[in-house]
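So this block is query_7.cif, mmCIF, C-alpha atoms:
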```cif
data_run
#
loop_
_atom_site.group_PDB
_atom_site.id
_atom_site.type_symbol
_atom_site.label_atom_id
_atom_site.label_comp_id
_atom_site.auth_asym_id
_atom_site.auth_seq_id
_atom_site.Cartn_x
_atom_site.Cartn_y
_atom_site.Cartn_z
ATOM 1 C CA VAL A 1 46.136 129.262 177.051
ATOM 2 C CA LEU A 2 49.135 129.876 174.734
ATOM 3 C CA ILE A 3 51.228 127.270 176.523
ATOM 4 C CA ALA A 4 48.415 124.717 176.372
ATOM 5 C CA THR A 5 47.923 125.327 172.651
ATOM 6 C CA THR A 6 51.645 124.927 171.984
ATOM 7 C CA LEU A 7 51.803 121.657 173.909
ATOM 8 C CA MET A 8 48.825 120.312 172.015
ATOM 9 C CA LEU A 9 50.412 121.146 168.629
ATOM 10 C CA VAL A 10 53.649 119.403 169.646
ATOM 11 C CA VAL A 11 51.735 116.300 170.658
ATOM 12 C CA LEU A 12 49.789 116.276 167.407
ATOM 13 C CA MET A 13 52.840 116.853 165.169
ATOM 14 C CA THR A 14 55.210 114.428 166.879
ATOM 15 C CA PRO A 15 53.828 111.284 165.166
ATOM 16 C CA VAL A 16 54.120 112.962 161.747
ATOM 17 C CA ALA A 17 57.723 113.919 162.331
ATOM 18 C CA PHE A 18 58.416 110.457 163.664
ATOM 19 C CA GLU A 19 56.777 108.910 160.648
ATOM 20 C CA HIS A 20 58.636 111.090 158.155
ATOM 21 C CA PHE A 21 62.146 111.420 159.402
ATOM 22 C CA ARG A 22 63.039 108.696 161.857
ATOM 23 C CA ALA A 23 66.232 106.883 160.841
ATOM 24 C CA VAL A 24 65.392 103.369 159.723
ATOM 25 C CA SER A 25 67.351 100.257 158.936
ATOM 26 C CA TYR A 26 64.925 98.358 156.766
ATOM 27 C CA LYS A 27 66.374 95.686 154.509
ATOM 28 C CA GLN A 28 65.037 94.288 151.275
ATOM 29 C CA GLY A 29 62.093 92.055 152.072
ATOM 30 C CA ASP A 30 61.163 93.783 155.339
ATOM 31 C CA VAL A 31 57.618 95.084 155.789
ATOM 32 C CA ALA A 32 57.533 98.825 156.506
ATOM 33 C CA GLN A 33 55.798 99.736 159.750
ATOM 34 C CA TYR A 34 55.139 103.323 158.695
ATOM 35 C CA ASN A 35 55.589 105.722 155.803
ATOM 36 C CA ILE A 36 59.151 106.918 155.224
ATOM 37 C CA ILE A 37 59.423 110.305 153.559
ATOM 38 C CA SER A 38 62.595 111.896 152.190
ATOM 39 C CA PRO A 39 63.629 114.980 154.181
ATOM 40 C CA VAL A 40 65.891 116.296 151.370
ATOM 41 C CA ASP A 41 66.410 116.219 147.614
ATOM 42 C CA PHE A 42 69.007 113.660 146.512
ATOM 43 C CA ARG A 43 70.041 111.440 143.598
ATOM 44 C CA ILE A 44 70.692 107.726 143.756
ATOM 45 C CA GLU A 45 71.999 105.345 141.121
ATOM 46 C CA ASN A 46 69.536 102.858 139.713
ATOM 47 C CA PRO A 47 71.790 99.828 139.053
ATOM 48 C CA VAL A 48 68.985 97.817 137.498
ATOM 49 C CA ALA A 49 68.287 100.467 134.870
ATOM 50 C CA THR A 50 72.026 101.020 134.363
ATOM 51 C CA GLU A 51 72.684 97.329 133.800
ATOM 52 C CA ARG A 52 69.714 97.085 131.426
ATOM 53 C CA ARG A 53 71.101 99.876 129.254
ATOM 54 C CA ARG A 54 74.595 98.416 129.387
ATOM 55 C CA GLY A 55 73.197 95.049 128.394
ATOM 56 C CA GLU A 56 71.510 96.672 125.399
ATOM 57 C CA ALA A 57 74.817 98.316 124.446
ATOM 58 C CA GLN A 58 76.578 94.986 124.782
ATOM 59 C CA THR A 59 74.066 93.281 122.511
ATOM 60 C CA ALA A 60 74.442 96.040 119.926
ATOM 61 C CA ALA A 61 78.265 95.945 119.954
ATOM 62 C CA LYS A 62 79.486 94.761 116.562
ATOM 63 C CA ARG A 63 81.351 91.482 116.201
ATOM 64 C CA VAL A 64 84.883 91.949 114.878
ATOM 65 C CA PHE A 65 86.462 89.950 112.072
ATOM 66 C CA THR A 66 90.137 90.629 111.480
ATOM 67 C CA PHE A 67 91.453 90.669 107.917
ATOM 68 C CA ASP A 68 95.167 90.002 107.546
ATOM 69 C CA ASP A 69 95.806 92.151 104.481
ATOM 70 C CA ARG A 70 99.408 92.927 105.406
ATOM 71 C CA ALA A 71 102.113 92.740 102.749
ATOM 72 C CA THR A 72 103.841 89.963 104.678
ATOM 73 C CA ALA A 73 100.773 87.752 104.340
ATOM 74 C CA GLY A 74 99.003 86.446 101.255
ATOM 75 C CA PRO A 75 99.870 84.009 98.475
ATOM 76 C CA LYS A 76 103.499 85.141 98.253
ATOM 77 C CA LYS A 77 104.094 83.906 101.781
ATOM 78 C CA GLU A 78 102.418 80.553 101.102
ATOM 79 C CA ILE A 79 104.282 79.983 97.835
ATOM 80 C CA GLU A 80 107.655 80.917 99.286
ATOM 81 C CA ALA A 81 107.094 78.629 102.273
ATOM 82 C CA PHE A 82 106.340 75.718 99.944
ATOM 83 C CA PHE A 83 109.305 76.148 97.615
ATOM 84 C CA GLY A 84 111.544 77.089 100.520
ATOM 85 C CA THR A 85 110.803 73.728 102.117
ATOM 86 C CA ILE A 86 111.628 71.928 98.883
ATOM 87 C CA ALA A 87 114.904 73.837 98.659
ATOM 88 C CA ASP A 88 115.794 73.079 102.269
ATOM 89 C CA LEU A 89 115.200 69.353 101.794
ATOM 90 C CA SER A 90 116.907 69.189 98.421
ATOM 91 C CA THR A 91 119.756 66.722 98.162
ATOM 92 C CA GLN A 92 121.572 69.034 95.725
ATOM 93 C CA ASN A 93 122.541 72.662 95.657
ATOM 94 C CA LYS A 94 119.423 74.736 94.884
ATOM 95 C CA GLU A 95 121.403 76.865 92.427
ATOM 96 C CA VAL A 96 121.403 74.034 89.897
ATOM 97 C CA THR A 97 118.554 73.368 87.516
ATOM 98 C CA GLN A 98 117.391 70.200 89.274
ATOM 99 C CA SER A 99 116.358 69.763 92.915
ATOM 100 C CA GLN A 100 116.157 66.014 93.399
ATOM 101 C CA LEU A 101 114.247 64.793 96.444
ATOM 102 C CA SER A 102 114.114 61.331 97.914
ATOM 103 C CA GLY A 103 110.818 59.518 98.325
ATOM 104 C CA GLU A 104 110.982 60.171 102.057
ATOM 105 C CA GLU A 105 111.545 63.895 101.507
ATOM 106 C CA ARG A 106 108.652 64.083 99.064
ATOM 107 C CA ALA A 107 106.392 62.333 101.558
ATOM 108 C CA SER A 108 107.515 64.740 104.279
ATOM 109 C CA ILE A 109 106.539 67.757 102.161
ATOM 110 C CA GLU A 110 103.193 66.240 101.205
ATOM 111 C CA THR A 111 102.434 65.571 104.872
ATOM 112 C CA GLN A 112 103.508 69.035 105.993
ATOM 113 C CA PHE A 113 101.430 70.831 103.355
ATOM 114 C CA ARG A 114 98.589 68.299 103.280
ATOM 115 C CA VAL A 115 98.769 67.731 99.549
ATOM 116 C CA LYS A 116 99.063 64.649 97.354
ATOM 117 C CA LEU A 117 101.365 65.113 94.369
ATOM 118 C CA SER A 118 101.852 62.721 91.488
ATOM 119 C CA GLU A 119 105.169 61.634 90.024
ATOM 120 C CA SER A 120 104.538 64.002 87.107
ATOM 121 C CA ASP A 121 103.987 66.846 89.565
ATOM 122 C CA TRP A 122 107.296 66.149 91.268
ATOM 123 C CA VAL A 123 109.176 65.994 87.987
ATOM 124 C CA LEU A 124 108.037 69.552 87.286
ATOM 125 C CA LEU A 125 108.526 70.803 90.842
ATOM 126 C CA GLU A 126 112.105 69.584 90.887
ATOM 127 C CA GLN A 127 112.906 71.878 87.954
ATOM 128 C CA VAL A 128 114.078 74.919 89.872
ATOM 129 C CA SER A 129 114.034 77.035 86.731
ATOM 130 C CA LEU A 130 110.223 76.791 86.669
ATOM 131 C CA TRP A 131 109.745 78.173 90.168
ATOM 132 C CA PRO A 132 109.764 81.914 89.275
ATOM 133 C CA MET A 133 107.153 81.387 86.562
ATOM 134 C CA ILE A 134 104.978 79.233 88.815
ATOM 135 C CA GLU A 135 105.094 81.859 91.562
ATOM 136 C CA GLU A 136 104.385 84.765 89.211
ATOM 137 C CA GLU A 137 101.409 83.140 87.477
ATOM 138 C CA LEU A 138 99.889 81.849 90.712
ATOM 139 C CA ARG A 139 100.204 85.238 92.391
ATOM 140 C CA LYS A 140 98.364 86.885 89.487
ATOM 141 C CA LEU A 141 95.453 84.530 90.068
ATOM 142 C CA LEU A 142 95.513 84.426 93.841
ATOM 143 C CA GLU A 143 96.219 87.996 94.947
ATOM 144 C CA PRO A 144 92.829 89.437 93.888
ATOM 145 C CA ILE A 145 91.137 86.642 95.818
ATOM 146 C CA TYR A 146 93.232 87.294 98.917
ATOM 147 C CA GLN A 147 92.503 91.021 98.641
ATOM 148 C CA GLN A 148 88.781 90.305 98.829
ATOM 149 C CA GLY A 149 89.269 88.289 102.013
ATOM 150 C CA ILE A 150 88.804 84.581 102.666
ATOM 151 C CA ILE A 151 87.093 83.074 105.704
ATOM 152 C CA ALA A 152 87.096 79.374 106.497
ATOM 153 C CA ASN A 153 83.348 79.265 107.111
ATOM 154 C CA LYS A 154 80.782 82.015 106.627
ATOM 155 C CA ARG A 155 78.501 80.811 109.397
ATOM 156 C CA THR A 156 80.060 83.108 112.007
ATOM 157 C CA ILE A 157 79.487 86.134 109.780
ATOM 158 C CA GLN A 158 75.938 85.018 108.987
ATOM 159 C CA ASN A 159 75.186 84.604 112.700
ATOM 160 C CA ALA A 160 76.511 88.094 113.450
ATOM 161 C CA LEU A 161 74.512 89.664 110.626
ATOM 162 C CA SER A 162 71.299 87.915 111.671
ATOM 163 C CA SER A 163 71.620 89.240 115.243
ATOM 164 C CA ASN A 164 71.160 92.810 116.436
ATOM 165 C CA SER A 165 74.890 93.385 116.616
ATOM 166 C CA GLY A 166 76.151 93.252 113.022
ATOM 167 C CA ALA A 167 79.837 92.921 112.159
ATOM 168 C CA VAL A 168 82.885 94.895 111.090
ATOM 169 C CA LEU A 169 86.006 93.927 109.165
ATOM 170 C CA MET A 170 89.210 95.228 110.757
ATOM 171 C CA ARG A 171 92.273 95.401 108.514
ATOM 172 C CA LEU A 172 95.481 94.452 110.263
ATOM 173 C CA SER A 173 97.523 96.626 107.900
ATOM 174 C CA ASP A 174 96.221 99.884 109.390
ATOM 175 C CA GLY A 175 93.566 98.982 111.969
ATOM 176 C CA SER A 176 90.769 100.534 109.900
ATOM 177 C CA GLU A 177 87.270 99.115 110.145
ATOM 178 C CA SER A 178 84.485 98.744 107.603
ATOM 179 C CA GLU A 179 81.008 97.413 108.169
ATOM 180 C CA ILE A 180 80.200 93.976 106.799
ATOM 181 C CA VAL A 181 76.851 94.432 105.094
ATOM 182 C CA SER A 182 76.483 90.888 103.752
ATOM 183 C CA ASP A 183 78.313 87.584 103.779
ATOM 184 C CA ASP A 184 79.282 88.277 100.167
ATOM 185 C CA SER A 185 81.831 90.779 101.491
ATOM 186 C CA VAL A 186 84.375 87.953 101.726
ATOM 187 C CA PHE A 187 84.888 84.554 100.110
ATOM 188 C CA SER A 188 84.546 81.216 101.817
ATOM 189 C CA LEU A 189 87.348 78.760 101.068
ATOM 190 C CA ARG A 190 85.089 76.933 98.636
ATOM 191 C CA GLU A 191 84.120 80.156 96.878
ATOM 192 C CA ALA A 192 87.764 81.247 96.656
ATOM 193 C CA MET A 193 88.679 77.977 94.930
ATOM 194 C CA ALA A 194 85.742 78.349 92.547
ATOM 195 C CA VAL A 195 86.907 81.872 91.627
ATOM 196 C CA PHE A 196 90.437 80.572 91.063
ATOM 197 C CA ASP A 197 89.105 77.864 88.737
ATOM 198 C CA ALA A 198 86.927 80.373 86.873
ATOM 199 C CA ASP A 199 89.869 82.743 86.348
ATOM 200 C CA PHE A 200 92.272 79.999 85.317
ATOM 201 C CA PRO A 201 93.418 80.548 81.702
ATOM 202 C CA PRO A 202 91.088 78.522 79.475
ATOM 203 C CA ASP A 203 93.984 77.494 77.258
ATOM 204 C CA GLY A 204 96.367 76.920 80.146
ATOM 205 C CA PHE A 205 99.922 78.244 80.293
ATOM 206 C CA GLY A 206 101.233 76.728 77.082
ATOM 207 C CA ARG A 207 103.305 74.083 78.827
ATOM 208 C CA GLY A 208 101.013 71.117 78.498
ATOM 209 C CA VAL A 209 98.208 69.492 80.459
ATOM 210 C CA THR A 210 100.533 68.131 83.153
ATOM 211 C CA PHE A 211 101.821 71.621 83.966
ATOM 212 C CA ASP A 212 98.287 73.058 84.029
ATOM 213 C CA THR A 213 97.152 70.259 86.350
ATOM 214 C CA LEU A 214 99.997 71.070 88.729
ATOM 215 C CA MET A 215 99.117 74.781 88.660
ATOM 216 C CA ARG A 216 95.486 74.040 89.543
ATOM 217 C CA ARG A 217 96.577 71.771 92.383
ATOM 218 C CA LEU A 218 99.031 74.332 93.749
ATOM 219 C CA GLY A 219 96.487 77.140 93.384
ATOM 220 C CA HIS A 220 94.016 75.282 95.601
ATOM 221 C CA LEU A 221 96.810 74.414 98.026
ATOM 222 C CA PHE A 222 97.848 78.043 98.484
ATOM 223 C CA ILE A 223 94.330 79.340 99.136
ATOM 224 C CA LYS A 224 94.219 79.953 102.887
ATOM 225 C CA HIS A 225 91.787 81.925 105.004
ATOM 226 C CA ASN A 226 92.943 85.394 106.029
ATOM 227 C CA VAL A 227 89.736 86.511 107.777
ATOM 228 C CA VAL A 228 88.885 85.218 111.245
ATOM 229 C CA PHE A 229 86.370 85.999 113.957
ATOM 230 C CA ASP A 230 88.403 87.913 116.558
ATOM 231 C CA ILE A 231 87.182 87.074 120.049
ATOM 232 C CA GLU A 232 89.582 89.463 121.797
ATOM 233 C CA GLN A 233 88.661 92.473 119.648
ATOM 234 C CA THR A 234 84.962 91.634 119.950
ATOM 235 C CA GLU A 235 85.208 91.457 123.740
ATOM 236 C CA LYS A 236 87.047 94.800 123.741
ATOM 237 C CA LYS A 237 84.221 96.358 121.703
ATOM 238 C CA ILE A 238 81.726 94.972 124.188
ATOM 239 C CA ARG A 239 83.689 96.352 127.152
ATOM 240 C CA ASP A 240 84.006 99.749 125.470
ATOM 241 C CA ALA A 241 80.286 99.801 124.653
ATOM 242 C CA ARG A 242 79.351 99.026 128.260
ATOM 243 C CA ALA A 243 81.813 101.564 129.635
ATOM 244 C CA ALA A 244 80.363 104.279 127.392
ATOM 245 C CA VAL A 245 76.966 103.947 129.089
ATOM 246 C CA GLU A 246 76.732 106.375 132.007
ATOM 247 C CA SER A 247 75.095 105.303 135.246
ATOM 248 C CA ASP A 248 71.351 105.796 135.473
ATOM 249 C CA PHE A 249 70.319 108.018 138.400
ATOM 250 C CA GLU A 250 66.927 108.478 139.993
ATOM 251 C CA GLN A 251 65.996 111.840 141.506
ATOM 252 C CA VAL A 252 64.274 111.730 144.881
ATOM 253 C CA GLN A 253 62.426 114.896 145.905
ATOM 254 C CA ARG A 254 62.104 116.249 149.436
ATOM 255 C CA GLY A 255 58.784 115.079 150.817
ATOM 256 C CA GLU A 256 58.593 112.086 148.453
ATOM 257 C CA ILE A 257 57.392 108.868 150.075
ATOM 258 C CA ILE A 258 60.219 106.366 149.793
ATOM 259 C CA VAL A 259 58.275 103.446 151.223
ATOM 260 C CA ARG A 260 54.719 103.227 152.441
ATOM 261 C CA SER A 261 53.501 101.554 155.566
ATOM 262 C CA GLY A 262 52.772 97.909 154.898
ATOM 263 C CA GLU A 263 54.912 97.694 151.747
ATOM 264 C CA VAL A 264 57.594 95.051 151.317
ATOM 265 C CA VAL A 265 60.877 96.954 150.926
ATOM 266 C CA THR A 266 62.512 96.516 147.508
ATOM 267 C CA ALA A 267 66.241 96.612 146.757
ATOM 268 C CA GLN A 268 65.982 100.111 145.266
ATOM 269 C CA GLN A 269 63.974 101.372 148.240
ATOM 270 C CA GLN A 270 66.615 99.956 150.559
ATOM 271 C CA ARG A 271 69.295 101.899 148.691
ATOM 272 C CA LYS A 272 67.267 105.106 149.080
ATOM 273 C CA LEU A 273 66.923 104.502 152.795
#
```
Can you dump the structure from the file as structure tokens?
Amino acid sequence: VLIATTLMLVVLMTPVAFEHFRAVSYKQGDVAQYNIISPVDFRIENPVATERRRGEAQTAAKRVFTFDDRATAGPKKEIEAFFGTIADLSTQNKEVTQSQLSGEERASIETQFRVKLSESDWVLLEQVSLWPMIEEELRKLLEPIYQQGIIANKRTIQNALSSNSGAVLMRLSDGSESEIVSDDSVFSLREAMAVFDADFPPDGFGRGVTFDTLMRRLGHLFIKHNVVFDIEQTEKKIRDARAAVESDFEQVQRGEIIVRSGEVVTAQQQRKL
């Protein structure tokens, strides 16, 4: 009787064991022929959930705008480049009080710096003795504008601020970052020129209208953008944000049904199998 009972229990239990623990090789899209139950506790990565969270981190990563606030940049550099070119092309020794240029040399400078200068402008510019004063007065007007930051077009900042990411300003002088809270944080080129005009001495520099006209023209010429959208730094922030997201794992308990009979096997179920 005992032997018969034992044999009967084995026969009855065999299908259950077969159903639960038989090794299977189902692939995504297959239809399960029977329930598959986990024989042990284990963890498995959920790449879909991981990628979703990393995608969210990527979207939230701030866009980076680099601000060249280094001492080697700014209006001093622009002014020195301009007068240095005049000196290099001068037909006379630049130590004398006059720096006469030929018509061809004048045209070359105007082309290089994309500026149109009148005969009156050139008469003043060829007086080397005026150069220190021109540089000093222009730097007084331009340096505060450069220190605020100038971007060629604010649209890139506006786009970043209107998205979920936001933006930061990274100073090249020390690598520090500050959040850009509005597009008023920096000037556009047009705004920078308007500020220069507003700060221009109302009575000029005491050297006549022609001199003041030249100073206005040079001031606009030397206003250059020093803030740019930095693709490389932005991509680095995105990579760092994604890398900071740990993989998402799913816990599978012993006895948990991984796939039921008749179900179409999903990618995640295939990984569990």
Could you tell me which residues the PyMOL selection byres ((chain A and resi 153) around 12) grabs in this file, written as a PDB file with C-alpha atoms, in the frame of the given file?
```pdb
ATOM      1  CA  GLY A 149      89.269  88.289 102.013  1.00  0.00           C
ATOM      2  CA  ILE A 150      88.804  84.581 102.666  1.00  0.00           C
ATOM      3  CA  ILE A 151      87.093  83.074 105.704  1.00  0.00           C
ATOM      4  CA  ALA A 152      87.096  79.374 106.497  1.00  0.00           C
ATOM      5  CA  LYS A 154      80.782  82.015 106.627  1.00  0.00           C
ATOM      6  CA  ARG A 155      78.501  80.811 109.397  1.00  0.00           C
ATOM      7  CA  THR A 156      80.060  83.108 112.007  1.00  0.00           C
ATOM      8  CA  ILE A 157      79.487  86.134 109.780  1.00  0.00           C
ATOM      9  CA  GLN A 158      75.938  85.018 108.987  1.00  0.00           C
ATOM     10  CA  ASN A 159      75.186  84.604 112.700  1.00  0.00           C
ATOM     11  CA  ASP A 183      78.313  87.584 103.779  1.00  0.00           C
ATOM     12  CA  VAL A 186      84.375  87.953 101.726  1.00  0.00           C
ATOM     13  CA  PHE A 187      84.888  84.554 100.110  1.00  0.00           C
ATOM     14  CA  SER A 188      84.546  81.216 101.817  1.00  0.00           C
ATOM     15  CA  LEU A 189      87.348  78.760 101.068  1.00  0.00           C
ATOM     16  CA  ARG A 190      85.089  76.933  98.636  1.00  0.00           C
ATOM     17  CA  GLU A 191      84.120  80.156  96.878  1.00  0.00           C
ATOM     18  CA  ALA A 192      87.764  81.247  96.656  1.00  0.00           C
ATOM     19  CA  LYS A 224      94.219  79.953 102.887  1.00  0.00           C
ATOM     20  CA  HIS A 225      91.787  81.925 105.004  1.00  0.00           C
ATOM     21  CA  ASN A 226      92.943  85.394 106.029  1.00  0.00           C
ATOM     22  CA  VAL A 227      89.736  86.511 107.777  1.00  0.00           C
ATOM     23  CA  VAL A 228      88.885  85.218 111.245  1.00  0.00           C
ATOM     24  CA  PHE A 229      86.370  85.999 113.957  1.00  0.00           C
TER      25      PHE A 229
END
```
Got a sec to resolve the PyMOL selection byres ((chain A and resi 105-108) around 12) on this structure and send the residues as a ChimeraX atom specification? /A:82,85-91,99-104,109-119,121-123,125-126
Using all atoms listed in the file, find the one residue out of A:Gly166, A:Gly255, A:Gly208, A:Pro202 that sits nearest to Arg63 in chain A.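 Using all atoms listed in the file, Arg63 in chain A sits closest to A:Gly166.
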Neighbours of range 239-248 of chain A within 12 Å (all atoms listed in the file; same-chain residues fewer than 5 positions away dropped), as a ChimeraX atom specification? /A:43-63,165,232-234
Residue selection dump (C-alpha atoms) as a tab-separated table (two decimals), in the frame of the given file:
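again_37.tsv written:
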```tsv
chain	number	residue	atom	x	y	z
A	43	ARG	CA	70.04	111.44	143.60
A	44	ILE	CA	70.69	107.73	143.76
A	45	GLU	CA	72.00	105.34	141.12
A	46	ASN	CA	69.54	102.86	139.71
A	47	PRO	CA	71.79	99.83	139.05
A	48	VAL	CA	68.98	97.82	137.50
A	49	ALA	CA	68.29	100.47	134.87
A	50	THR	CA	72.03	101.02	134.36
A	51	GLU	CA	72.68	97.33	133.80
A	52	ARG	CA	69.71	97.08	131.43
A	53	ARG	CA	71.10	99.88	129.25
A	54	ARG	CA	74.60	98.42	129.39
A	55	GLY	CA	73.20	95.05	128.39
A	56	GLU	CA	71.51	96.67	125.40
A	57	ALA	CA	74.82	98.32	124.45
A	58	GLN	CA	76.58	94.99	124.78
A	59	THR	CA	74.07	93.28	122.51
A	60	ALA	CA	74.44	96.04	119.93
A	61	ALA	CA	78.26	95.94	119.95
A	62	LYS	CA	79.49	94.76	116.56
A	63	ARG	CA	81.35	91.48	116.20
A	165	SER	CA	74.89	93.38	116.62
A	232	GLU	CA	89.58	89.46	121.80
A	233	GLN	CA	88.66	92.47	119.65
A	234	THR	CA	84.96	91.63	119.95
```
Identify the residues within 10 Å of coordinate (109.4, 78.4, 95.8) (same frame as the file), considering all atoms listed in the file, and give the answer as a list in words. Lys76, Lys77, Glu78, Ile79, Glu80, Ala81, Phe82, Phe83, Gly84, Thr85, Ile86, Ala87, Leu125, Val128, Leu130, Trp131, Pro132, Met133, Ile134 and Glu135 of chain A
Could you take the residues named above and write them with C-alpha atoms, as a tab-separated table (two decimals), keeping the file's coordinate frame?
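Result went into again.tsv, see below:
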```tsv
chain	number	residue	atom	x	y	z
A	76	LYS	CA	103.50	85.14	98.25
A	77	LYS	CA	104.09	83.91	101.78
A	78	GLU	CA	102.42	80.55	101.10
A	79	ILE	CA	104.28	79.98	97.84
A	80	GLU	CA	107.66	80.92	99.29
A	81	ALA	CA	107.09	78.63	102.27
A	82	PHE	CA	106.34	75.72	99.94
A	83	PHE	CA	109.30	76.15	97.62
A	84	GLY	CA	111.54	77.09	100.52
A	85	THR	CA	110.80	73.73	102.12
A	86	ILE	CA	111.63	71.93	98.88
A	87	ALA	CA	114.90	73.84	98.66
A	125	LEU	CA	108.53	70.80	90.84
A	128	VAL	CA	114.08	74.92	89.87
A	130	LEU	CA	110.22	76.79	86.67
A	131	TRP	CA	109.74	78.17	90.17
A	132	PRO	CA	109.76	81.91	89.28
A	133	MET	CA	107.15	81.39	86.56
A	134	ILE	CA	104.98	79.23	88.82
A	135	GLU	CA	105.09	81.86	91.56
```
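Near Ile180 in chain A, within 8 Å and counting all atoms listed in the file, sit Gly166, Ala167, Val168, Leu169 and Ser185 of chain A; same-chain residues fewer than 4 positions away were not included.
Ranking A:Lys237, A:Ser182, A:Ile145, A:Asp212 by their shortest atom-to-atom distance to Ala194 in chain A, with all atoms listed in the file included, puts A:Ile145 first.
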Counting all atoms listed in the file, which residues have an atom no more than 12 Å from (97.7, 84.9, 90.8) in the file's coordinates? Please list them as number ranges by chain. A: 74-76, 79, 133-147, 195-197, 199-201, 215-216, 218-220, 222-223
Export C-alpha atoms of the chosen residues as an mmCIF file, keeping the file's coordinate frame?
```cif
data_model
loop_
_atom_site.group_PDB
_atom_site.id
_atom_site.type_symbol
_atom_site.label_atom_id
_atom_site.label_comp_id
_atom_site.auth_asym_id
_atom_site.auth_seq_id
_atom_site.Cartn_x
_atom_site.Cartn_y
_atom_site.Cartn_z
ATOM 1 C CA GLY A 74 99.003 86.446 101.255
ATOM 2 C CA PRO A 75 99.870 84.009 98.475
ATOM 3 C CA LYS A 76 103.499 85.141 98.253
ATOM 4 C CA ILE A 79 104.282 79.983 97.835
ATOM 5 C CA MET A 133 107.153 81.387 86.562
ATOM 6 C CA ILE A 134 104.978 79.233 88.815
ATOM 7 C CA GLU A 135 105.094 81.859 91.562
ATOM 8 C CA GLU A 136 104.385 84.765 89.211
ATOM 9 C CA GLU A 137 101.409 83.140 87.477
ATOM 10 C CA LEU A 138 99.889 81.849 90.712
ATOM 11 C CA ARG A 139 100.204 85.238 92.391
ATOM 12 C CA LYS A 140 98.364 86.885 89.487
ATOM 13 C CA LEU A 141 95.453 84.530 90.068
ATOM 14 C CA LEU A 142 95.513 84.426 93.841
ATOM 15 C CA GLU A 143 96.219 87.996 94.947
ATOM 16 C CA PRO A 144 92.829 89.437 93.888
ATOM 17 C CA ILE A 145 91.137 86.642 95.818
ATOM 18 C CA TYR A 146 93.232 87.294 98.917
ATOM 19 C CA GLN A 147 92.503 91.021 98.641
ATOM 20 C CA VAL A 195 86.907 81.872 91.627
ATOM 21 C CA PHE A 196 90.437 80.572 91.063
ATOM 22 C CA ASP A 197 89.105 77.864 88.737
ATOM 23 C CA ASP A 199 89.869 82.743 86.348
ATOM 24 C CA PHE A 200 92.272 79.999 85.317
ATOM 25 C CA PRO A 201 93.418 80.548 81.702
ATOM 26 C CA MET A 215 99.117 74.781 88.660
ATOM 27 C CA ARG A 216 95.486 74.040 89.543
ATOM 28 C CA LEU A 218 99.031 74.332 93.749
ATOM 29 C CA GLY A 219 96.487 77.140 93.384
ATOM 30 C CA HIS A 220 94.016 75.282 95.601
ATOM 31 C CA PHE A 222 97.848 78.043 98.484
ATOM 32 C CA ILE A 223 94.330 79.340 99.136
#
```
What separates CA of Asp174 in chain A and CA of Ala160 in chain A is a distance of 23.3 Å
